[in-house]
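final_0.txt follows; it contains compact mmCIF, N, CA and C atoms.
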# COMPACT_ATOMS: atom_id res chain seq x y z
N MET D 1 -8.62 -25.11 -38.89
CA MET D 1 -8.34 -26.33 -39.63
C MET D 1 -6.89 -26.31 -40.12
N LYS D 2 -6.18 -27.39 -39.89
CA LYS D 2 -4.78 -27.49 -40.31
C LYS D 2 -4.70 -27.83 -41.80
N THR D 3 -3.67 -27.29 -42.41
CA THR D 3 -3.40 -27.62 -43.80
C THR D 3 -2.45 -28.81 -43.82
N HIS D 4 -2.77 -29.79 -44.65
CA HIS D 4 -1.98 -31.00 -44.72
C HIS D 4 -1.04 -30.99 -45.92
N VAL D 5 -0.01 -31.79 -45.83
CA VAL D 5 1.00 -31.88 -46.88
C VAL D 5 0.37 -32.19 -48.23
N ARG D 6 -0.61 -33.07 -48.27
CA ARG D 6 -1.23 -33.47 -49.55
C ARG D 6 -1.86 -32.29 -50.28
N GLU D 7 -2.21 -31.22 -49.52
CA GLU D 7 -2.86 -30.06 -50.12
C GLU D 7 -1.88 -29.13 -50.84
N ILE D 8 -0.60 -29.23 -50.52
CA ILE D 8 0.38 -28.32 -51.14
C ILE D 8 1.46 -29.05 -51.93
N MET D 9 1.46 -30.38 -51.88
CA MET D 9 2.53 -31.15 -52.55
C MET D 9 2.37 -31.12 -54.06
N THR D 10 3.43 -31.47 -54.75
CA THR D 10 3.38 -31.73 -56.18
C THR D 10 3.02 -33.20 -56.32
N PRO D 11 1.84 -33.49 -56.89
CA PRO D 11 1.34 -34.86 -56.83
C PRO D 11 1.96 -35.85 -57.80
N HIS D 12 2.61 -35.39 -58.82
CA HIS D 12 3.15 -36.32 -59.81
C HIS D 12 4.63 -36.52 -59.54
N LEU D 13 4.94 -37.69 -59.03
CA LEU D 13 6.32 -38.02 -58.69
C LEU D 13 7.10 -38.34 -59.96
N ILE D 14 8.20 -37.62 -60.16
CA ILE D 14 9.05 -37.88 -61.32
C ILE D 14 10.15 -38.82 -60.85
N THR D 15 10.30 -39.95 -61.54
CA THR D 15 11.26 -40.97 -61.13
C THR D 15 12.19 -41.33 -62.29
N CYS D 16 13.31 -41.93 -61.93
CA CYS D 16 14.29 -42.44 -62.89
C CYS D 16 14.88 -43.73 -62.32
N PRO D 17 15.26 -44.66 -63.19
CA PRO D 17 15.97 -45.85 -62.71
C PRO D 17 17.36 -45.47 -62.20
N GLU D 18 17.92 -46.32 -61.37
CA GLU D 18 19.23 -46.05 -60.76
C GLU D 18 20.37 -45.96 -61.77
N ASP D 19 20.18 -46.53 -62.96
CA ASP D 19 21.24 -46.49 -63.97
C ASP D 19 21.07 -45.35 -64.98
N THR D 20 20.18 -44.40 -64.69
CA THR D 20 19.97 -43.25 -65.57
C THR D 20 21.21 -42.36 -65.57
N PRO D 21 21.72 -42.01 -66.75
CA PRO D 21 22.86 -41.10 -66.80
C PRO D 21 22.51 -39.74 -66.19
N VAL D 22 23.47 -39.16 -65.49
CA VAL D 22 23.26 -37.86 -64.85
C VAL D 22 22.88 -36.80 -65.89
N GLN D 23 23.46 -36.91 -67.09
CA GLN D 23 23.11 -35.95 -68.15
C GLN D 23 21.61 -35.96 -68.42
N ASP D 24 21.00 -37.15 -68.40
CA ASP D 24 19.56 -37.25 -68.63
C ASP D 24 18.77 -36.67 -67.46
N ILE D 25 19.27 -36.86 -66.26
CA ILE D 25 18.59 -36.30 -65.10
C ILE D 25 18.60 -34.77 -65.15
N VAL D 26 19.73 -34.20 -65.53
CA VAL D 26 19.83 -32.74 -65.66
C VAL D 26 18.80 -32.23 -66.67
N LYS D 27 18.66 -32.93 -67.78
CA LYS D 27 17.67 -32.52 -68.79
C LYS D 27 16.25 -32.64 -68.24
N THR D 28 15.98 -33.70 -67.48
CA THR D 28 14.65 -33.88 -66.88
C THR D 28 14.35 -32.74 -65.91
N LEU D 29 15.32 -32.39 -65.07
CA LEU D 29 15.12 -31.29 -64.12
C LEU D 29 14.80 -30.00 -64.87
N ARG D 30 15.56 -29.73 -65.90
CA ARG D 30 15.34 -28.51 -66.69
C ARG D 30 13.99 -28.54 -67.41
N ASP D 31 13.72 -29.62 -68.10
CA ASP D 31 12.52 -29.70 -68.93
C ASP D 31 11.22 -29.71 -68.11
N ARG D 32 11.28 -30.31 -66.93
CA ARG D 32 10.09 -30.40 -66.08
C ARG D 32 9.98 -29.25 -65.08
N GLY D 33 11.05 -28.47 -64.98
CA GLY D 33 11.05 -27.35 -64.03
C GLY D 33 10.97 -27.81 -62.59
N ILE D 34 11.68 -28.90 -62.28
CA ILE D 34 11.67 -29.47 -60.92
C ILE D 34 13.07 -29.44 -60.33
N GLY D 35 13.16 -29.69 -59.03
CA GLY D 35 14.45 -29.63 -58.35
C GLY D 35 15.03 -30.98 -57.99
N ALA D 36 14.29 -32.06 -58.24
CA ALA D 36 14.80 -33.39 -57.87
C ALA D 36 13.98 -34.47 -58.56
N VAL D 37 14.59 -35.65 -58.68
CA VAL D 37 13.89 -36.84 -59.16
C VAL D 37 14.14 -37.96 -58.15
N VAL D 38 13.13 -38.79 -57.96
CA VAL D 38 13.27 -39.95 -57.08
C VAL D 38 13.85 -41.09 -57.90
N ILE D 39 14.82 -41.78 -57.31
CA ILE D 39 15.52 -42.86 -58.00
C ILE D 39 14.94 -44.20 -57.57
N LEU D 40 14.64 -45.04 -58.56
CA LEU D 40 14.06 -46.35 -58.29
C LEU D 40 15.10 -47.45 -58.44
N ASP D 41 15.00 -48.47 -57.59
CA ASP D 41 15.90 -49.61 -57.71
C ASP D 41 15.41 -50.52 -58.84
N LYS D 42 16.06 -51.65 -59.01
CA LYS D 42 15.72 -52.55 -60.12
C LYS D 42 14.32 -53.14 -60.01
N GLU D 43 13.76 -53.16 -58.79
CA GLU D 43 12.40 -53.66 -58.59
C GLU D 43 11.37 -52.54 -58.70
N GLY D 44 11.82 -51.32 -58.97
CA GLY D 44 10.90 -50.19 -59.10
C GLY D 44 10.53 -49.52 -57.80
N LYS D 45 11.27 -49.82 -56.74
CA LYS D 45 11.00 -49.21 -55.43
C LYS D 45 11.93 -48.01 -55.22
N PRO D 46 11.41 -46.95 -54.60
CA PRO D 46 12.25 -45.78 -54.34
C PRO D 46 13.43 -46.12 -53.43
N GLU D 47 14.61 -45.69 -53.85
CA GLU D 47 15.79 -45.95 -53.03
C GLU D 47 16.62 -44.71 -52.77
N GLY D 48 16.29 -43.61 -53.41
CA GLY D 48 17.06 -42.39 -53.19
C GLY D 48 16.48 -41.24 -53.99
N ILE D 49 17.22 -40.14 -53.96
CA ILE D 49 16.77 -38.93 -54.66
C ILE D 49 18.01 -38.21 -55.20
N VAL D 50 17.89 -37.66 -56.39
CA VAL D 50 18.94 -36.82 -56.96
C VAL D 50 18.35 -35.43 -57.08
N SER D 51 19.00 -34.48 -56.43
CA SER D 51 18.51 -33.10 -56.43
C SER D 51 19.51 -32.19 -57.13
N GLU D 52 19.08 -30.97 -57.35
CA GLU D 52 19.98 -29.96 -57.92
C GLU D 52 21.22 -29.81 -57.05
N THR D 53 21.05 -29.90 -55.75
CA THR D 53 22.19 -29.79 -54.83
C THR D 53 23.19 -30.91 -55.06
N ASP D 54 22.72 -32.14 -55.24
CA ASP D 54 23.62 -33.26 -55.52
C ASP D 54 24.42 -33.02 -56.79
N ILE D 55 23.76 -32.49 -57.80
CA ILE D 55 24.43 -32.23 -59.07
C ILE D 55 25.44 -31.10 -58.92
N LEU D 56 25.07 -30.04 -58.20
CA LEU D 56 25.99 -28.93 -57.99
C LEU D 56 27.24 -29.36 -57.23
N GLU D 57 27.09 -30.29 -56.29
CA GLU D 57 28.25 -30.80 -55.55
C GLU D 57 29.24 -31.48 -56.49
N ILE D 58 28.74 -32.20 -57.48
CA ILE D 58 29.61 -32.84 -58.46
C ILE D 58 30.26 -31.78 -59.36
N VAL D 59 29.48 -30.82 -59.80
CA VAL D 59 29.99 -29.76 -60.67
C VAL D 59 31.11 -28.98 -59.98
N ALA D 60 31.00 -28.79 -58.67
CA ALA D 60 31.98 -28.01 -57.92
C ALA D 60 33.33 -28.72 -57.78
N ARG D 61 33.34 -30.01 -58.01
CA ARG D 61 34.60 -30.76 -57.90
C ARG D 61 35.38 -30.66 -59.20
N GLU D 62 36.70 -30.61 -59.10
CA GLU D 62 37.56 -30.46 -60.28
C GLU D 62 37.44 -31.61 -61.26
N GLN D 63 37.22 -32.82 -60.78
CA GLN D 63 37.18 -33.98 -61.67
C GLN D 63 35.85 -34.09 -62.41
N TYR D 64 34.99 -33.13 -62.24
CA TYR D 64 33.66 -33.14 -62.85
C TYR D 64 33.70 -33.43 -64.34
N LEU D 65 34.48 -32.70 -65.10
CA LEU D 65 34.47 -32.85 -66.56
C LEU D 65 34.89 -34.25 -67.01
N ASP D 66 35.83 -34.84 -66.29
CA ASP D 66 36.27 -36.19 -66.65
C ASP D 66 35.21 -37.24 -66.31
N MET D 67 34.46 -37.03 -65.24
CA MET D 67 33.50 -38.03 -64.76
C MET D 67 32.11 -37.88 -65.36
N TRP D 68 31.75 -36.70 -65.78
CA TRP D 68 30.37 -36.38 -66.14
C TRP D 68 29.70 -37.41 -67.03
N LYS D 69 30.37 -37.83 -68.10
CA LYS D 69 29.75 -38.73 -69.06
C LYS D 69 29.52 -40.14 -68.51
N HIS D 70 30.19 -40.46 -67.42
CA HIS D 70 30.10 -41.82 -66.87
C HIS D 70 29.22 -41.92 -65.64
N LEU D 71 28.80 -40.82 -65.09
CA LEU D 71 28.02 -40.84 -63.85
C LEU D 71 26.58 -41.28 -64.09
N LYS D 72 26.10 -42.10 -63.19
CA LYS D 72 24.72 -42.56 -63.19
C LYS D 72 24.05 -42.07 -61.91
N ALA D 73 22.75 -42.15 -61.89
CA ALA D 73 21.99 -41.70 -60.71
C ALA D 73 22.51 -42.35 -59.42
N ARG D 74 22.81 -43.63 -59.48
CA ARG D 74 23.24 -44.35 -58.27
C ARG D 74 24.55 -43.80 -57.70
N HIS D 75 25.36 -43.11 -58.52
CA HIS D 75 26.64 -42.58 -58.06
C HIS D 75 26.49 -41.34 -57.20
N LEU D 76 25.44 -40.57 -57.38
CA LEU D 76 25.35 -39.32 -56.63
C LEU D 76 24.05 -39.13 -55.87
N MET D 77 23.15 -40.09 -55.93
CA MET D 77 21.88 -39.92 -55.22
C MET D 77 22.08 -39.93 -53.71
N THR D 78 21.20 -39.22 -53.05
CA THR D 78 21.12 -39.27 -51.60
C THR D 78 20.29 -40.50 -51.27
N ARG D 79 20.90 -41.45 -50.58
CA ARG D 79 20.24 -42.73 -50.35
C ARG D 79 19.19 -42.69 -49.25
N GLU D 80 19.35 -41.79 -48.31
CA GLU D 80 18.35 -41.70 -47.25
C GLU D 80 17.18 -40.87 -47.76
N LEU D 81 16.13 -41.56 -48.12
CA LEU D 81 14.95 -40.92 -48.67
C LEU D 81 14.06 -40.48 -47.50
N LEU D 82 13.95 -39.18 -47.31
CA LEU D 82 13.12 -38.66 -46.22
C LEU D 82 11.68 -38.57 -46.69
N THR D 83 10.79 -39.21 -45.93
CA THR D 83 9.38 -39.25 -46.31
C THR D 83 8.52 -38.61 -45.22
N ILE D 84 7.34 -38.20 -45.64
CA ILE D 84 6.36 -37.64 -44.71
C ILE D 84 4.98 -38.13 -45.15
N PRO D 85 4.12 -38.47 -44.19
CA PRO D 85 2.77 -38.91 -44.54
C PRO D 85 1.96 -37.78 -45.17
N GLN D 86 1.08 -38.14 -46.09
CA GLN D 86 0.26 -37.15 -46.78
C GLN D 86 -0.65 -36.37 -45.83
N ASP D 87 -1.00 -36.95 -44.70
CA ASP D 87 -1.89 -36.30 -43.74
C ASP D 87 -1.16 -35.47 -42.69
N ALA D 88 0.17 -35.40 -42.79
CA ALA D 88 0.93 -34.60 -41.82
C ALA D 88 0.67 -33.11 -42.06
N PRO D 89 0.62 -32.33 -40.98
CA PRO D 89 0.49 -30.88 -41.14
C PRO D 89 1.73 -30.30 -41.82
N ILE D 90 1.54 -29.22 -42.56
CA ILE D 90 2.68 -28.63 -43.26
C ILE D 90 3.74 -28.14 -42.27
N GLN D 91 3.34 -27.83 -41.06
CA GLN D 91 4.33 -27.43 -40.05
C GLN D 91 5.32 -28.56 -39.79
N ASP D 92 4.84 -29.81 -39.82
CA ASP D 92 5.72 -30.96 -39.63
C ASP D 92 6.71 -31.08 -40.79
N ALA D 93 6.22 -30.82 -42.01
CA ALA D 93 7.10 -30.87 -43.17
C ALA D 93 8.18 -29.80 -43.07
N ALA D 94 7.79 -28.59 -42.70
CA ALA D 94 8.76 -27.50 -42.56
C ALA D 94 9.79 -27.83 -41.48
N ALA D 95 9.33 -28.41 -40.37
CA ALA D 95 10.24 -28.77 -39.28
C ALA D 95 11.23 -29.84 -39.72
N MET D 96 10.76 -30.83 -40.48
CA MET D 96 11.66 -31.88 -40.97
C MET D 96 12.70 -31.32 -41.93
N MET D 97 12.26 -30.46 -42.84
CA MET D 97 13.19 -29.86 -43.79
C MET D 97 14.26 -29.06 -43.07
N GLU D 98 13.83 -28.32 -42.07
CA GLU D 98 14.78 -27.51 -41.31
C GLU D 98 15.73 -28.40 -40.50
N ARG D 99 15.19 -29.40 -39.86
CA ARG D 99 16.00 -30.30 -39.01
C ARG D 99 17.05 -31.05 -39.82
N PHE D 100 16.65 -31.57 -40.98
CA PHE D 100 17.57 -32.38 -41.78
C PHE D 100 18.27 -31.58 -42.88
N ARG D 101 17.97 -30.28 -42.94
CA ARG D 101 18.60 -29.38 -43.90
C ARG D 101 18.43 -29.87 -45.34
N VAL D 102 17.18 -30.18 -45.69
CA VAL D 102 16.85 -30.61 -47.04
C VAL D 102 15.81 -29.66 -47.62
N HIS D 103 15.67 -29.67 -48.92
CA HIS D 103 14.73 -28.78 -49.59
C HIS D 103 13.41 -29.43 -49.95
N ARG D 104 13.36 -30.76 -49.83
CA ARG D 104 12.13 -31.45 -50.22
C ARG D 104 12.01 -32.78 -49.48
N LEU D 105 10.76 -33.26 -49.40
CA LEU D 105 10.45 -34.55 -48.78
C LEU D 105 9.55 -35.32 -49.74
N VAL D 106 9.69 -36.64 -49.73
CA VAL D 106 8.79 -37.48 -50.52
C VAL D 106 7.54 -37.75 -49.68
N VAL D 107 6.39 -37.50 -50.27
CA VAL D 107 5.12 -37.69 -49.59
C VAL D 107 4.64 -39.11 -49.86
N VAL D 108 4.21 -39.80 -48.79
CA VAL D 108 3.75 -41.18 -48.93
C VAL D 108 2.29 -41.31 -48.51
N ASP D 109 1.61 -42.30 -49.10
CA ASP D 109 0.22 -42.56 -48.75
C ASP D 109 0.16 -43.43 -47.50
N ASP D 110 -1.04 -43.89 -47.16
CA ASP D 110 -1.23 -44.67 -45.93
C ASP D 110 -0.51 -46.02 -45.97
N GLU D 111 -0.18 -46.52 -47.16
CA GLU D 111 0.56 -47.77 -47.29
C GLU D 111 2.06 -47.55 -47.40
N GLY D 112 2.49 -46.29 -47.33
CA GLY D 112 3.91 -45.97 -47.42
C GLY D 112 4.43 -45.84 -48.83
N GLN D 113 3.53 -45.81 -49.81
CA GLN D 113 3.92 -45.67 -51.21
C GLN D 113 4.09 -44.19 -51.56
N PRO D 114 5.15 -43.85 -52.28
CA PRO D 114 5.36 -42.44 -52.64
C PRO D 114 4.30 -41.96 -53.62
N ILE D 115 3.75 -40.76 -53.33
CA ILE D 115 2.69 -40.21 -54.18
C ILE D 115 2.98 -38.78 -54.62
N GLY D 116 4.05 -38.20 -54.12
CA GLY D 116 4.36 -36.82 -54.51
C GLY D 116 5.57 -36.31 -53.76
N VAL D 117 5.82 -35.02 -53.95
CA VAL D 117 6.94 -34.35 -53.29
C VAL D 117 6.44 -33.04 -52.73
N VAL D 118 6.88 -32.71 -51.53
CA VAL D 118 6.62 -31.39 -50.97
C VAL D 118 7.98 -30.71 -50.80
N ALA D 119 8.09 -29.52 -51.36
CA ALA D 119 9.35 -28.78 -51.34
C ALA D 119 9.21 -27.50 -50.53
N MET D 120 10.36 -26.92 -50.19
CA MET D 120 10.34 -25.63 -49.50
C MET D 120 9.53 -24.62 -50.29
N SER D 121 9.68 -24.65 -51.60
CA SER D 121 8.94 -23.69 -52.43
C SER D 121 7.43 -23.88 -52.31
N ASP D 122 6.96 -25.11 -52.07
CA ASP D 122 5.53 -25.34 -51.86
C ASP D 122 5.06 -24.69 -50.56
N VAL D 123 5.87 -24.80 -49.53
CA VAL D 123 5.53 -24.18 -48.24
C VAL D 123 5.51 -22.66 -48.38
N ILE D 124 6.51 -22.10 -49.04
CA ILE D 124 6.59 -20.66 -49.24
C ILE D 124 5.39 -20.18 -50.06
N ARG D 125 5.05 -20.90 -51.11
CA ARG D 125 3.90 -20.54 -51.95
C ARG D 125 2.62 -20.56 -51.12
N TYR D 126 2.46 -21.59 -50.28
CA TYR D 126 1.29 -21.68 -49.42
C TYR D 126 1.20 -20.46 -48.49
N LEU D 127 2.32 -20.10 -47.88
CA LEU D 127 2.32 -18.96 -46.96
C LEU D 127 1.97 -17.66 -47.69
N ALA D 128 2.54 -17.47 -48.87
CA ALA D 128 2.26 -16.26 -49.65
C ALA D 128 0.79 -16.22 -50.07
N ASP D 129 0.25 -17.35 -50.52
CA ASP D 129 -1.15 -17.40 -50.93
C ASP D 129 -2.08 -17.14 -49.75
N ARG D 130 -1.74 -17.70 -48.61
CA ARG D 130 -2.55 -17.51 -47.40
C ARG D 130 -2.55 -16.03 -47.00
N GLU D 131 -1.41 -15.39 -47.11
CA GLU D 131 -1.30 -13.98 -46.77
C GLU D 131 -2.13 -13.13 -47.73
N GLU D 132 -2.08 -13.45 -49.02
CA GLU D 132 -2.88 -12.72 -49.99
C GLU D 132 -4.37 -12.89 -49.73
N GLU D 133 -4.78 -14.11 -49.39
CA GLU D 133 -6.19 -14.36 -49.09
C GLU D 133 -6.63 -13.58 -47.87
N ALA D 134 -5.77 -13.46 -46.87
CA ALA D 134 -6.11 -12.70 -45.65
C ALA D 134 -6.31 -11.23 -45.98
N HIS D 135 -5.50 -10.69 -46.88
CA HIS D 135 -5.65 -9.29 -47.28
C HIS D 135 -6.93 -9.06 -48.08
N HIS D 136 -7.32 -10.03 -48.89
CA HIS D 136 -8.55 -9.91 -49.68
C HIS D 136 -9.79 -9.97 -48.80
N ASP D 137 -9.69 -10.70 -47.68
CA ASP D 137 -10.82 -10.85 -46.78
C ASP D 137 -11.05 -9.62 -45.91
N GLN D 138 -10.09 -8.71 -45.86
CA GLN D 138 -10.21 -7.54 -44.99
C GLN D 138 -11.04 -6.45 -45.62

Translate this file's structure into structure tokens.
Amino acid sequence: MKTHVREIMTPHLITCPEDTPVQDIVKTLRDRGIGAVVILDKEGKPEGIVSETDILEIVAREQYLDMWKHLKARHLMTRELLTIPQDAPIQDAAAMMERFRVHRLVVVDDEGQPIGVVAMSDVIRYLADREEEAHHDQ
């Protein structure tokens, strides 16, 4: 039996409006212990994602200190939101992450609505848990 993305994803999607200050996003990432937030447009539809990587890219630039207080989610979000169906095998999620060099994908339901996130860490955790279960069964 194949394991599906919905079985290993983080089911509660954390979102922010496009005009959310980056400072608030950083606090959300820290406080929630997550690596990214999905950014919603003015109609409440997902339009991008801000990840730790996006923030680090800004921090690495010299003009960071001057810009920090003025940056909003829309200024640094990755606009191409990569999605995967909830019923996709985890191997498909791993292949997409590797192909597009991303750390996470937004999981969508049968209507295409976002319902969670699957990250590299979820795949790694699944593999480690599966290995531990195999050792216990021996």

(request) In Å, rounded to a single decimal, give me how far atom CA of D:Ala119 is from atom CA of D:Glu80. (result)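 Interatomic distance, atom CA of D:Glu80 to atom CA of D:Ala119: 16.3 Å.
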
(request) Find, counting only C-alpha atoms, the residue in D:Ile90, D:Ile115, D:Val106, D:Met97 that gets nearest to D:His4. (result)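 Looking at the shortest contact to D:His4, the residue is D:Ile90.
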
(message) Please determine, counting only C-alpha atoms, which residue among D:Val5, D:Arg104, D:Pro11, D:Leu29 has the shortest atom-to-atom distance to D:Tyr126.
(response) D:Val5

Within 6 Å of stretch 81-83 of chain D, counting only C-alpha atoms, which residues show up once you throw out same-chain ones fewer than 2 positions away? Write them as a short mmCIF file (atom, residue, chain, number, x, y, z; two decimals) with N, CA and C atoms, in the coordinates of the input, please.
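Generated output (around.cif):
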data_model
loop_
_atom_site.label_atom_id
_atom_site.label_comp_id
_atom_site.auth_asym_id
_atom_site.auth_seq_id
_atom_site.Cartn_x
_atom_site.Cartn_y
_atom_site.Cartn_z
N GLY D 48 16.29 -43.61 -53.41
CA GLY D 48 17.06 -42.39 -53.19
C GLY D 48 16.48 -41.24 -53.99
N ARG D 79 20.90 -41.45 -50.58
CA ARG D 79 20.24 -42.73 -50.35
C ARG D 79 19.19 -42.69 -49.25
N LEU D 105 10.76 -33.26 -49.40
CA LEU D 105 10.45 -34.55 -48.78
C LEU D 105 9.55 -35.32 -49.74
N VAL D 106 9.69 -36.64 -49.73
CA VAL D 106 8.79 -37.48 -50.52
C VAL D 106 7.54 -37.75 -49.68
N VAL D 107 6.39 -37.50 -50.27
CA VAL D 107 5.12 -37.69 -49.59
C VAL D 107 4.64 -39.11 -49.86
#

(request) Could you find all residues in stretch 6-57 of chain D that DSSP calls alpha helix (DSSP H) from the backbone, and write them as a ChimeraX atom specification? (result) /D:6-8,22-32,52-57

Save out the residues we just selected, N, CA and C atoms, as a PDB file, in the frame of the given file.
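Saved to part_24.pdb:
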ATOM      1  N   ARG D   6      -0.610 -33.070 -48.270  1.00  0.00           N
ATOM      2  CA  ARG D   6      -1.230 -33.470 -49.550  1.00  0.00           C
ATOM      3  C   ARG D   6      -1.860 -32.290 -50.280  1.00  0.00           C
ATOM      4  N   GLU D   7      -2.210 -31.220 -49.520  1.00  0.00           N
ATOM      5  CA  GLU D   7      -2.860 -30.060 -50.120  1.00  0.00           C
ATOM      6  C   GLU D   7      -1.880 -29.130 -50.840  1.00  0.00           C
ATOM      7  N   ILE D   8      -0.600 -29.230 -50.520  1.00  0.00           N
ATOM      8  CA  ILE D   8       0.380 -28.320 -51.140  1.00  0.00           C
ATOM      9  C   ILE D   8       1.460 -29.050 -51.930  1.00  0.00           C
ATOM     10  N   VAL D  22      23.470 -39.160 -65.490  1.00  0.00           N
ATOM     11  CA  VAL D  22      23.260 -37.860 -64.850  1.00  0.00           C
ATOM     12  C   VAL D  22      22.880 -36.800 -65.890  1.00  0.00           C
ATOM     13  N   GLN D  23      23.460 -36.910 -67.090  1.00  0.00           N
ATOM     14  CA  GLN D  23      23.110 -35.950 -68.150  1.00  0.00           C
ATOM     15  C   GLN D  23      21.610 -35.960 -68.420  1.00  0.00           C
ATOM     16  N   ASP D  24      21.000 -37.150 -68.400  1.00  0.00           N
ATOM     17  CA  ASP D  24      19.560 -37.250 -68.630  1.00  0.00           C
ATOM     18  C   ASP D  24      18.770 -36.670 -67.460  1.00  0.00           C
ATOM     19  N   ILE D  25      19.270 -36.860 -66.260  1.00  0.00           N
ATOM     20  CA  ILE D  25      18.590 -36.300 -65.100  1.00  0.00           C
ATOM     21  C   ILE D  25      18.600 -34.770 -65.150  1.00  0.00           C
ATOM     22  N   VAL D  26      19.730 -34.200 -65.530  1.00  0.00           N
ATOM     23  CA  VAL D  26      19.830 -32.740 -65.660  1.00  0.00           C
ATOM     24  C   VAL D  26      18.800 -32.230 -66.670  1.00  0.00           C
ATOM     25  N   LYS D  27      18.660 -32.930 -67.780  1.00  0.00           N
ATOM     26  CA  LYS D  27      17.670 -32.520 -68.790  1.00  0.00           C
ATOM     27  C   LYS D  27      16.250 -32.640 -68.240  1.00  0.00           C
ATOM     28  N   THR D  28      15.980 -33.700 -67.480  1.00  0.00           N
ATOM     29  CA  THR D  28      14.650 -33.880 -66.880  1.00  0.00           C
ATOM     30  C   THR D  28      14.350 -32.740 -65.910  1.00  0.00           C
ATOM     31  N   LEU D  29      15.320 -32.390 -65.070  1.00  0.00           N
ATOM     32  CA  LEU D  29      15.120 -31.290 -64.120  1.00  0.00           C
ATOM     33  C   LEU D  29      14.800 -30.000 -64.870  1.00  0.00           C
ATOM     34  N   ARG D  30      15.560 -29.730 -65.900  1.00  0.00           N
ATOM     35  CA  ARG D  30      15.340 -28.510 -66.690  1.00  0.00           C
ATOM     36  C   ARG D  30      13.990 -28.540 -67.410  1.00  0.00           C
ATOM     37  N   ASP D  31      13.720 -29.620 -68.100  1.00  0.00           N
ATOM     38  CA  ASP D  31      12.520 -29.700 -68.930  1.00  0.00           C
ATOM     39  C   ASP D  31      11.220 -29.710 -68.110  1.00  0.00           C
ATOM     40  N   ARG D  32      11.280 -30.310 -66.930  1.00  0.00           N
ATOM     41  CA  ARG D  32      10.090 -30.400 -66.080  1.00  0.00           C
ATOM     42  C   ARG D  32       9.980 -29.250 -65.080  1.00  0.00           C
ATOM     43  N   GLU D  52      19.080 -30.970 -57.350  1.00  0.00           N
ATOM     44  CA  GLU D  52      19.980 -29.960 -57.920  1.00  0.00           C
ATOM     45  C   GLU D  52      21.220 -29.810 -57.050  1.00  0.00           C
ATOM     46  N   THR D  53      21.050 -29.900 -55.750  1.00  0.00           N
ATOM     47  CA  THR D  53      22.190 -29.790 -54.830  1.00  0.00           C
ATOM     48  C   THR D  53      23.190 -30.910 -55.060  1.00  0.00           C
ATOM     49  N   ASP D  54      22.720 -32.140 -55.240  1.00  0.00           N
ATOM     50  CA  ASP D  54      23.620 -33.260 -55.520  1.00  0.00           C
ATOM     51  C   ASP D  54      24.420 -33.020 -56.790  1.00  0.00           C
ATOM     52  N   ILE D  55      23.760 -32.490 -57.800  1.00  0.00           N
ATOM     53  CA  ILE D  55      24.430 -32.230 -59.070  1.00  0.00           C
ATOM     54  C   ILE D  55      25.440 -31.100 -58.920  1.00  0.00           C
ATOM     55  N   LEU D  56      25.070 -30.040 -58.200  1.00  0.00           N
ATOM     56  CA  LEU D  56      25.990 -28.930 -57.990  1.00  0.00           C
ATOM     57  C   LEU D  56      27.240 -29.360 -57.230  1.00  0.00           C
ATOM     58  N   GLU D  57      27.090 -30.290 -56.290  1.00  0.00           N
ATOM     59  CA  GLU D  57      28.250 -30.800 -55.550  1.00  0.00           C
ATOM     60  C   GLU D  57      29.240 -31.480 -56.490  1.00  0.00           C
TER      61      GLU D  57
END

(request) For atom CA of D:Lys72 and atom C of D:Ile84, determine how far apart the two atoms are, in Å to one decimal place. (result)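 A separation of 27.1 Å between them.
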
(request) Quick one: everything within 7 Å of D:Asp41, counting all atoms listed in the file, minus sequence neighbours fewer than 4 positions away in the same chain. Send it as a list in words. (result) Cys16, Pro17, Glu18, Lys45, Pro46, Glu47 and Gly48 of chain D

(request) Would you please give, as a ChimeraX atom specification, all residues of chain D that DSSP assigns to strand (DSSP E or B) based on the backbone? (result) /D:4,10,15-17,21,36-40,46-51,72,78,83-85,89,104-108,114-119
